[in-house]
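Next comes upload_25.txt, a file with compact mmCIF, N, CA and C atoms.
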# COMPACT_ATOMS: atom_id res chain seq x y z
N MET Q 13 112.36 38.78 96.62
CA MET Q 13 112.38 40.18 96.99
C MET Q 13 113.20 40.96 95.97
N VAL Q 14 112.69 42.12 95.60
CA VAL Q 14 113.40 43.01 94.69
C VAL Q 14 114.11 44.05 95.53
N ARG Q 15 115.40 44.20 95.29
CA ARG Q 15 116.20 45.17 96.06
C ARG Q 15 115.94 46.57 95.55
N ASP Q 16 115.67 47.50 96.48
CA ASP Q 16 115.46 48.90 96.13
C ASP Q 16 116.83 49.54 95.89
N PRO Q 17 117.10 50.01 94.67
CA PRO Q 17 118.43 50.58 94.37
C PRO Q 17 118.70 51.89 95.10
N LEU Q 18 117.66 52.53 95.64
CA LEU Q 18 117.86 53.78 96.37
C LEU Q 18 118.33 53.56 97.80
N ILE Q 19 118.17 52.34 98.32
CA ILE Q 19 118.64 52.02 99.66
C ILE Q 19 120.06 51.49 99.54
N PRO Q 20 121.02 52.11 100.24
CA PRO Q 20 122.41 51.63 100.12
C PRO Q 20 122.56 50.22 100.69
N ARG Q 21 123.51 49.49 100.12
CA ARG Q 21 123.78 48.15 100.63
C ARG Q 21 124.38 48.29 102.01
N LEU Q 22 123.83 47.53 102.96
CA LEU Q 22 124.30 47.56 104.34
C LEU Q 22 125.13 46.33 104.64
N VAL Q 23 126.13 46.51 105.49
CA VAL Q 23 126.99 45.39 105.89
C VAL Q 23 127.01 45.31 107.42
N SER Q 24 127.27 44.11 107.91
CA SER Q 24 127.38 43.87 109.35
C SER Q 24 128.79 44.21 109.82
N VAL Q 25 129.01 44.15 111.11
CA VAL Q 25 130.33 44.39 111.68
C VAL Q 25 131.32 43.36 111.13
N THR Q 26 130.89 42.11 111.02
CA THR Q 26 131.77 41.05 110.50
C THR Q 26 132.16 41.34 109.05
N GLU Q 27 131.18 41.73 108.22
CA GLU Q 27 131.49 42.05 106.83
C GLU Q 27 132.39 43.29 106.73
N ALA Q 28 132.14 44.29 107.58
CA ALA Q 28 132.97 45.49 107.59
C ALA Q 28 134.41 45.15 107.96
N ALA Q 29 134.57 44.26 108.92
CA ALA Q 29 135.92 43.85 109.33
C ALA Q 29 136.66 43.21 108.16
N GLY Q 30 135.96 42.41 107.38
CA GLY Q 30 136.57 41.80 106.20
C GLY Q 30 136.97 42.83 105.16
N ILE Q 31 136.15 43.83 104.97
CA ILE Q 31 136.45 44.88 103.98
C ILE Q 31 137.64 45.73 104.42
N VAL Q 32 137.65 46.11 105.69
CA VAL Q 32 138.72 46.97 106.21
C VAL Q 32 140.00 46.18 106.45
N GLY Q 33 139.86 44.89 106.73
CA GLY Q 33 141.03 44.05 106.99
C GLY Q 33 141.47 44.11 108.44
N CYS Q 34 140.49 44.08 109.34
CA CYS Q 34 140.80 44.12 110.77
C CYS Q 34 139.81 43.22 111.50
N SER Q 35 139.85 43.23 112.82
CA SER Q 35 138.96 42.38 113.60
C SER Q 35 137.61 43.04 113.83
N ARG Q 36 136.63 42.24 114.20
CA ARG Q 36 135.31 42.77 114.56
C ARG Q 36 135.42 43.72 115.76
N GLN Q 37 136.29 43.38 116.70
CA GLN Q 37 136.47 44.23 117.87
C GLN Q 37 136.99 45.61 117.47
N ASN Q 38 137.87 45.65 116.47
CA ASN Q 38 138.40 46.93 115.99
C ASN Q 38 137.29 47.75 115.34
N ILE Q 39 136.41 47.12 114.57
CA ILE Q 39 135.28 47.83 113.96
C ILE Q 39 134.36 48.36 115.05
N ASN Q 40 134.06 47.54 116.05
CA ASN Q 40 133.22 47.99 117.17
C ASN Q 40 133.85 49.19 117.88
N ALA Q 41 135.16 49.17 118.06
CA ALA Q 41 135.85 50.29 118.71
C ALA Q 41 135.75 51.55 117.85
N LEU Q 42 135.88 51.42 116.53
CA LEU Q 42 135.75 52.57 115.63
C LEU Q 42 134.34 53.16 115.72
N ILE Q 43 133.34 52.29 115.80
CA ILE Q 43 131.96 52.75 115.92
C ILE Q 43 131.75 53.44 117.26
N ASN Q 44 132.20 52.81 118.34
CA ASN Q 44 132.02 53.38 119.68
C ASN Q 44 132.77 54.68 119.88
N ASP Q 45 133.89 54.84 119.18
CA ASP Q 45 134.68 56.07 119.28
C ASP Q 45 134.16 57.17 118.36
N GLY Q 46 133.10 56.86 117.59
CA GLY Q 46 132.53 57.85 116.68
C GLY Q 46 133.35 58.08 115.44
N LYS Q 47 134.18 57.11 115.05
CA LYS Q 47 135.02 57.27 113.88
C LYS Q 47 134.44 56.60 112.64
N LEU Q 48 133.48 55.71 112.83
CA LEU Q 48 132.85 55.01 111.71
C LEU Q 48 131.34 55.04 111.94
N PRO Q 49 130.59 55.68 111.05
CA PRO Q 49 129.14 55.78 111.26
C PRO Q 49 128.45 54.44 111.11
N ALA Q 50 127.50 54.19 112.00
CA ALA Q 50 126.73 52.94 111.98
C ALA Q 50 125.35 53.22 112.54
N ALA Q 51 124.48 52.26 112.35
CA ALA Q 51 123.11 52.36 112.89
C ALA Q 51 122.69 50.97 113.32
N ARG Q 52 121.62 50.91 114.06
CA ARG Q 52 121.07 49.62 114.48
C ARG Q 52 119.89 49.26 113.59
N ALA Q 53 119.87 48.02 113.16
CA ALA Q 53 118.72 47.43 112.47
C ALA Q 53 118.29 46.30 113.40
N GLY Q 54 117.32 46.60 114.26
CA GLY Q 54 116.97 45.66 115.31
C GLY Q 54 118.10 45.65 116.33
N THR Q 55 118.71 44.49 116.52
CA THR Q 55 119.83 44.39 117.46
C THR Q 55 121.18 44.33 116.75
N THR Q 56 121.16 44.43 115.42
CA THR Q 56 122.39 44.30 114.64
C THR Q 56 122.92 45.67 114.24
N LEU Q 57 124.21 45.88 114.43
CA LEU Q 57 124.86 47.10 113.95
C LEU Q 57 125.10 46.94 112.45
N VAL Q 58 124.73 47.96 111.69
CA VAL Q 58 124.95 47.93 110.24
C VAL Q 58 125.59 49.23 109.80
N MET Q 59 126.30 49.14 108.68
CA MET Q 59 126.95 50.30 108.08
C MET Q 59 126.73 50.26 106.59
N SER Q 60 126.81 51.40 105.95
CA SER Q 60 126.75 51.45 104.50
C SER Q 60 128.03 50.82 103.95
N GLU Q 61 127.88 49.91 103.00
CA GLU Q 61 129.06 49.28 102.41
C GLU Q 61 129.97 50.32 101.78
N ASP Q 62 129.37 51.32 101.12
CA ASP Q 62 130.15 52.38 100.49
C ASP Q 62 130.97 53.14 101.53
N THR Q 63 130.37 53.44 102.68
CA THR Q 63 131.08 54.16 103.75
C THR Q 63 132.25 53.32 104.26
N VAL Q 64 132.03 52.04 104.46
CA VAL Q 64 133.10 51.15 104.95
C VAL Q 64 134.24 51.09 103.93
N ARG Q 65 133.90 50.99 102.65
CA ARG Q 65 134.95 50.95 101.62
C ARG Q 65 135.72 52.27 101.57
N ARG Q 66 135.02 53.38 101.73
CA ARG Q 66 135.68 54.69 101.76
C ARG Q 66 136.59 54.79 102.98
N TYR Q 67 136.14 54.27 104.13
CA TYR Q 67 136.98 54.28 105.34
C TYR Q 67 138.24 53.44 105.10
N ALA Q 68 138.06 52.27 104.49
CA ALA Q 68 139.20 51.38 104.20
C ALA Q 68 140.19 52.06 103.26
N ALA Q 69 139.71 52.94 102.39
CA ALA Q 69 140.58 53.65 101.44
C ALA Q 69 141.25 54.86 102.08
N GLY Q 70 140.91 55.16 103.34
CA GLY Q 70 141.59 56.23 104.05
C GLY Q 70 140.75 57.46 104.33
N GLU Q 71 139.51 57.48 103.86
CA GLU Q 71 138.66 58.64 104.12
C GLU Q 71 138.18 58.63 105.57
N ARG Q 72 138.15 59.81 106.18
CA ARG Q 72 137.64 59.95 107.54
C ARG Q 72 136.44 60.88 107.48
N PHE Q 73 135.51 60.73 108.40
CA PHE Q 73 134.22 61.37 108.29
C PHE Q 73 133.99 62.41 109.38
N GLY Q 74 133.43 63.54 108.97
CA GLY Q 74 132.91 64.52 109.91
C GLY Q 74 131.46 64.15 110.14
N PHE Q 75 131.05 64.09 111.38
CA PHE Q 75 129.70 63.64 111.67
C PHE Q 75 128.73 64.80 111.72
N PRO Q 76 127.55 64.57 111.20
CA PRO Q 76 126.55 65.64 111.24
C PRO Q 76 126.10 65.91 112.67
N THR Q 77 125.53 67.08 112.83
CA THR Q 77 124.96 67.45 114.11
C THR Q 77 123.49 67.77 113.88
N LEU Q 78 122.77 67.94 114.95
CA LEU Q 78 121.34 68.21 114.87
C LEU Q 78 120.98 69.50 115.58
N LEU Q 79 120.04 70.22 114.98
CA LEU Q 79 119.37 71.29 115.69
C LEU Q 79 118.07 70.69 116.18
N VAL Q 80 117.88 70.68 117.48
CA VAL Q 80 116.65 70.16 118.08
C VAL Q 80 115.86 71.37 118.57
N ILE Q 81 114.66 71.52 118.03
CA ILE Q 81 113.83 72.68 118.34
C ILE Q 81 112.69 72.23 119.25
N THR Q 82 112.60 72.88 120.41
CA THR Q 82 111.55 72.55 121.37
C THR Q 82 110.74 73.80 121.67
N ALA Q 83 109.52 73.59 122.08
CA ALA Q 83 108.64 74.69 122.46
C ALA Q 83 108.13 74.42 123.86
N PHE Q 84 107.90 75.48 124.61
CA PHE Q 84 107.40 75.32 125.97
C PHE Q 84 105.90 75.08 125.92
N ASP Q 85 105.47 74.01 126.57
CA ASP Q 85 104.06 73.64 126.61
C ASP Q 85 103.54 73.88 128.02
N GLU Q 86 102.65 74.84 128.12
CA GLU Q 86 102.14 75.21 129.45
C GLU Q 86 101.29 74.12 130.07
N THR Q 87 100.63 73.29 129.26
CA THR Q 87 99.77 72.24 129.84
C THR Q 87 100.60 71.18 130.55
N THR Q 88 101.79 70.89 130.04
CA THR Q 88 102.66 69.91 130.69
C THR Q 88 103.75 70.57 131.53
N ASP Q 89 103.82 71.92 131.43
CA ASP Q 89 104.83 72.69 132.13
C ASP Q 89 106.24 72.18 131.82
N GLY Q 90 106.48 71.96 130.52
CA GLY Q 90 107.79 71.47 130.11
C GLY Q 90 108.04 71.71 128.63
N TRP Q 91 109.24 71.39 128.22
CA TRP Q 91 109.65 71.57 126.83
C TRP Q 91 109.27 70.33 126.02
N ILE Q 92 108.66 70.55 124.86
CA ILE Q 92 108.23 69.48 123.96
C ILE Q 92 108.98 69.63 122.64
N GLU Q 93 109.60 68.54 122.17
CA GLU Q 93 110.33 68.59 120.90
C GLU Q 93 109.35 68.81 119.76
N ARG Q 94 109.67 69.79 118.92
CA ARG Q 94 108.83 70.12 117.77
C ARG Q 94 109.46 69.73 116.44
N ASP Q 95 110.80 69.76 116.37
CA ASP Q 95 111.45 69.48 115.09
C ASP Q 95 112.91 69.13 115.33
N ARG Q 96 113.47 68.42 114.36
CA ARG Q 96 114.91 68.12 114.32
C ARG Q 96 115.38 68.44 112.92
N LYS Q 97 116.51 69.10 112.82
CA LYS Q 97 117.08 69.45 111.52
C LYS Q 97 118.55 69.07 111.52
N ALA Q 98 118.97 68.28 110.55
CA ALA Q 98 120.38 67.92 110.43
C ALA Q 98 121.15 69.12 109.88
N VAL Q 99 122.33 69.34 110.44
CA VAL Q 99 123.21 70.40 109.96
C VAL Q 99 124.60 69.81 109.76
N ALA Q 100 125.40 70.49 108.98
CA ALA Q 100 126.75 70.01 108.65
C ALA Q 100 127.64 70.02 109.89
N PRO Q 101 128.68 69.18 109.90
CA PRO Q 101 129.59 69.12 111.05
C PRO Q 101 130.26 70.46 111.36
N ASP Q 102 130.43 71.30 110.34
CA ASP Q 102 131.10 72.59 110.55
C ASP Q 102 130.10 73.73 110.76
N TYR Q 103 128.86 73.39 111.09
CA TYR Q 103 127.82 74.38 111.32
C TYR Q 103 128.22 75.31 112.46
N VAL Q 104 128.05 76.60 112.25
CA VAL Q 104 128.36 77.59 113.28
C VAL Q 104 127.05 77.99 113.94
N PHE Q 105 126.94 77.71 115.23
CA PHE Q 105 125.73 78.00 115.99
C PHE Q 105 125.64 79.50 116.21
N PRO Q 106 124.61 80.15 115.65
CA PRO Q 106 124.51 81.61 115.80
C PRO Q 106 124.15 82.02 117.22
N SER Q 107 124.46 83.24 117.56
CA SER Q 107 124.14 83.72 118.90
C SER Q 107 122.67 84.09 119.03
N ARG Q 108 121.99 84.34 117.90
CA ARG Q 108 120.58 84.70 117.91
C ARG Q 108 119.85 83.96 116.80
N PHE Q 109 118.60 83.65 117.07
CA PHE Q 109 117.72 83.02 116.09
C PHE Q 109 116.45 83.85 115.98
N THR Q 110 115.84 83.82 114.81
CA THR Q 110 114.49 84.35 114.67
C THR Q 110 113.57 83.15 114.50
N ALA Q 111 112.28 83.38 114.68
CA ALA Q 111 111.33 82.30 114.49
C ALA Q 111 111.42 81.76 113.06
N GLU Q 112 111.70 82.65 112.11
CA GLU Q 112 111.84 82.23 110.71
C GLU Q 112 113.05 81.31 110.53
N ASP Q 113 114.14 81.58 111.26
CA ASP Q 113 115.35 80.75 111.17
C ASP Q 113 115.06 79.29 111.51
N ILE Q 114 114.18 79.08 112.47
CA ILE Q 114 113.92 77.72 112.93
C ILE Q 114 112.61 77.16 112.38
N GLY Q 115 111.98 77.93 111.48
CA GLY Q 115 110.78 77.44 110.81
C GLY Q 115 109.57 77.29 111.71
N THR Q 116 109.40 78.22 112.66
CA THR Q 116 108.26 78.16 113.56
C THR Q 116 107.47 79.46 113.46
N ALA Q 117 106.30 79.44 114.02
CA ALA Q 117 105.48 80.64 114.07
C ALA Q 117 106.09 81.62 115.06
N ALA Q 118 105.86 82.89 114.81
CA ALA Q 118 106.34 83.90 115.75
C ALA Q 118 105.69 83.67 117.10
N GLY Q 119 106.34 84.10 118.13
CA GLY Q 119 105.85 83.86 119.49
C GLY Q 119 106.84 82.99 120.22
N GLY Q 120 106.34 82.13 121.02
CA GLY Q 120 107.27 81.24 121.69
C GLY Q 120 106.85 81.03 123.11
N PRO Q 121 107.72 80.70 123.98
CA PRO Q 121 109.15 80.60 123.74
C PRO Q 121 109.56 79.28 123.08
N TYR Q 122 110.66 79.35 122.37
CA TYR Q 122 111.26 78.17 121.75
C TYR Q 122 112.68 78.02 122.29
N ARG Q 123 113.19 76.82 122.16
CA ARG Q 123 114.57 76.57 122.54
C ARG Q 123 115.22 75.81 121.39
N VAL Q 124 116.44 76.19 121.03
CA VAL Q 124 117.19 75.53 119.96
C VAL Q 124 118.44 74.96 120.59
N GLU Q 125 118.64 73.67 120.38
CA GLU Q 125 119.79 72.98 120.96
C GLU Q 125 120.59 72.34 119.83
N LEU Q 126 121.89 72.55 119.82
CA LEU Q 126 122.78 71.92 118.87
C LEU Q 126 123.39 70.70 119.54
N ARG Q 127 123.17 69.53 118.95
CA ARG Q 127 123.69 68.27 119.54
C ARG Q 127 124.62 67.58 118.55
N ASP Q 128 125.63 66.90 119.08
CA ASP Q 128 126.49 66.10 118.22
C ASP Q 128 125.85 64.74 118.00
N ASN Q 129 126.52 63.87 117.25
CA ASN Q 129 125.93 62.58 116.89
C ASN Q 129 125.80 61.63 118.08
N ASN Q 130 126.39 61.97 119.21
CA ASN Q 130 126.24 61.16 120.42
C ASN Q 130 125.21 61.75 121.37
N GLY Q 131 124.53 62.82 120.96
CA GLY Q 131 123.51 63.44 121.80
C GLY Q 131 124.04 64.48 122.77
N LYS Q 132 125.33 64.78 122.71
CA LYS Q 132 125.93 65.78 123.61
C LYS Q 132 125.54 67.18 123.13
N THR Q 133 125.13 68.04 124.08
CA THR Q 133 124.74 69.40 123.74
C THR Q 133 125.99 70.24 123.48
N LEU Q 134 126.03 70.86 122.29
CA LEU Q 134 127.15 71.72 121.91
C LEU Q 134 126.79 73.20 122.02
N GLY Q 135 125.51 73.51 121.98
CA GLY Q 135 125.06 74.90 122.07
C GLY Q 135 123.59 74.93 122.40
N LEU Q 136 123.15 75.99 123.06
CA LEU Q 136 121.74 76.12 123.45
C LEU Q 136 121.36 77.59 123.39
N ALA Q 137 120.20 77.86 122.77
CA ALA Q 137 119.69 79.23 122.71
C ALA Q 137 118.19 79.20 122.91
N GLU Q 138 117.70 80.16 123.66
CA GLU Q 138 116.25 80.30 123.80
C GLU Q 138 115.80 81.39 122.85
N VAL Q 139 114.67 81.15 122.20
CA VAL Q 139 114.15 82.06 121.19
C VAL Q 139 112.78 82.52 121.63
N THR Q 140 112.59 83.79 121.81
CA THR Q 140 111.26 84.35 122.02
C THR Q 140 111.15 85.50 121.05
N ALA Q 141 110.47 85.26 119.94
CA ALA Q 141 110.37 86.26 118.88
C ALA Q 141 108.94 86.45 118.47
N SER Q 142 108.57 87.69 118.21
CA SER Q 142 107.28 87.96 117.62
C SER Q 142 107.52 88.53 116.23
N ASP Q 143 106.48 88.72 115.47
CA ASP Q 143 106.62 89.19 114.09
C ASP Q 143 107.51 90.43 114.00
N GLY Q 144 108.55 90.33 113.17
CA GLY Q 144 109.40 91.46 112.89
C GLY Q 144 110.40 91.84 113.97
N GLU Q 145 110.44 91.10 115.06
CA GLU Q 145 111.37 91.43 116.14
C GLU Q 145 112.49 90.41 116.20
N ASP Q 146 113.64 90.85 116.66
CA ASP Q 146 114.73 89.93 116.91
C ASP Q 146 114.46 89.19 118.20
N PRO Q 147 114.96 87.94 118.33
CA PRO Q 147 114.80 87.22 119.57
C PRO Q 147 115.62 87.87 120.67
N THR Q 148 115.23 87.61 121.90
CA THR Q 148 115.98 88.15 123.04
C THR Q 148 116.83 87.09 123.66

Write-out of the structure in structure tokens:
Amino acid sequence: MVRDPLIPRLVSVTEAAGIVGCSRQNINALINDGKLPAARAGTTLVMSEDTVRRYAAGERFGFPTLLVITAFDETTDGWIERDRKAVAPDYVFPSRFTAEDIGTAAGGPYRVELRDNNGKTLGLAEVTASDGEDPT
């Protein structure tokens, strides 16, 4: 197998513990507390080796948040997710959105939800905008 250089090297919890110089339980606690970013590859927790080395050197991470854009679907009588956009941890959720802001066609209604990396809702706005009008 040829390793793709664009994919970062991933390490397991055990390897991360060796790099940081602590126990596997401590790494798991850092992940569960949202202090060390990780992902699942199947049933295994993995982290970027570079991120783990940066954490070991003292760097701490601000976690990204997501804008989740949903539209109301009359056929199902419910909200359907249309898009997800990553935003910076210091993103300021505006009080108003236009359809252009969220990359959708004018009309609606749409709903924009700001979520943290654990899925907790940090902000919610409903957008109903037509061409040239501000949302209400």

Residue with the minimum atom-to-atom distance to Q:Gly33, picked from Q:Ala98, Q:Ile114, Q:Ala68, Q:Ile19 with all atoms listed in the file counted, is Q:Ala68

Atom pair atom N of Q:Asp45 + atom C of Q:Arg94, distance 28.7 Å

Query raised in the report: Near Q:Leu136, counting all atoms listed in the file, which residues have an atom at most 8 Å away, once you skip same-chain residues fewer than 2 positions from it, shown as a ChimeraX atom specification?
Result: /Q:105,107,123-127,133-134,138-139

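You will find atom C of Q:Tyr122 at 24.7 Å from atom CA of Q:Phe75.
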
Checklist line | d(atom CA of Q:Pro76, atom CA of Q:Val104) in Å | finding: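 Separation between atom CA of Q:Pro76 and atom CA of Q:Val104: 12.3 Å.
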
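For the set Q:Ile39, Q:Met13, Q:Glu71, Q:Val25, the residue with the smallest atom-to-atom gap to Q:Thr56 is Q:Val25, counting only N, CA and C atoms.
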
- Task: Find the residues near Q:Gln37: any atom within 10 Å, counting only C-alpha atoms, skip ones fewer than 5 places away on the same chain, and give them as a PyMOL selection string.
- Result: chain Q and resi 25-26+29+42-43

Please return, as a compact mmCIF listing (two decimals) with N, CA and C atoms, in the frame of the given file, all polymer residues that have at least one atom within 6 Å of the point (126.7, 51.8, 108.0); use all atoms listed in the file and the file's own coordinate frame.
# COMPACT_ATOMS: atom_id res chain seq x y z
N VAL Q 23 126.13 46.51 105.49
CA VAL Q 23 126.99 45.39 105.89
C VAL Q 23 127.01 45.31 107.42
N PRO Q 49 130.59 55.68 111.05
CA PRO Q 49 129.14 55.78 111.26
C PRO Q 49 128.45 54.44 111.11
N ALA Q 50 127.50 54.19 112.00
CA ALA Q 50 126.73 52.94 111.98
C ALA Q 50 125.35 53.22 112.54
N ALA Q 51 124.48 52.26 112.35
CA ALA Q 51 123.11 52.36 112.89
C ALA Q 51 122.69 50.97 113.32
N VAL Q 58 124.73 47.96 111.69
CA VAL Q 58 124.95 47.93 110.24
C VAL Q 58 125.59 49.23 109.80
N MET Q 59 126.30 49.14 108.68
CA MET Q 59 126.95 50.30 108.08
C MET Q 59 126.73 50.26 106.59
N SER Q 60 126.81 51.40 105.95
CA SER Q 60 126.75 51.45 104.50
C SER Q 60 128.03 50.82 103.95
N GLU Q 61 127.88 49.91 103.00
CA GLU Q 61 129.06 49.28 102.41
C GLU Q 61 129.97 50.32 101.78

Exercise. Using DSSP on the backbone coordinates, identify all residues within chain Q classified as alpha helix (DSSP H); present the result as a VMD selection string.
Key: chain Q and resid 25 to 32 36 to 44 61 to 68

Near-Q:Tyr67 list (7 Å; all atoms listed in the file; drop same-chain fewer than 5 positions) as a short mmCIF file (atom, residue, chain, number, x, y, z; two decimals) with N, CA and C atoms, keeping the file's coordinate frame:
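In the end it all went to around_32.cif:
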data_model
loop_
_atom_site.label_atom_id
_atom_site.label_comp_id
_atom_site.auth_asym_id
_atom_site.auth_seq_id
_atom_site.Cartn_x
_atom_site.Cartn_y
_atom_site.Cartn_z
N VAL Q 32 137.65 46.11 105.69
CA VAL Q 32 138.72 46.97 106.21
C VAL Q 32 140.00 46.18 106.45
N ASP Q 62 129.37 51.32 101.12
CA ASP Q 62 130.15 52.38 100.49
C ASP Q 62 130.97 53.14 101.53
N ARG Q 72 138.15 59.81 106.18
CA ARG Q 72 137.64 59.95 107.54
C ARG Q 72 136.44 60.88 107.48
#

So which residues of stretch 32-83 of chain Q fall under strand (DSSP E) by DSSP, listed as a PyMOL selection string?
chain Q and resi 51-53+56-60+77-83

Select, from Q:Pro106, Q:Pro121, Q:Gly54, Q:Pro20, the residue with the minimum atom-to-atom distance to Q:Asp85, counting all atoms listed in the file.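 Of Q:Pro106, Q:Pro121, Q:Gly54, Q:Pro20, the one nearest Q:Asp85 is Q:Pro121, counting all atoms listed in the file.
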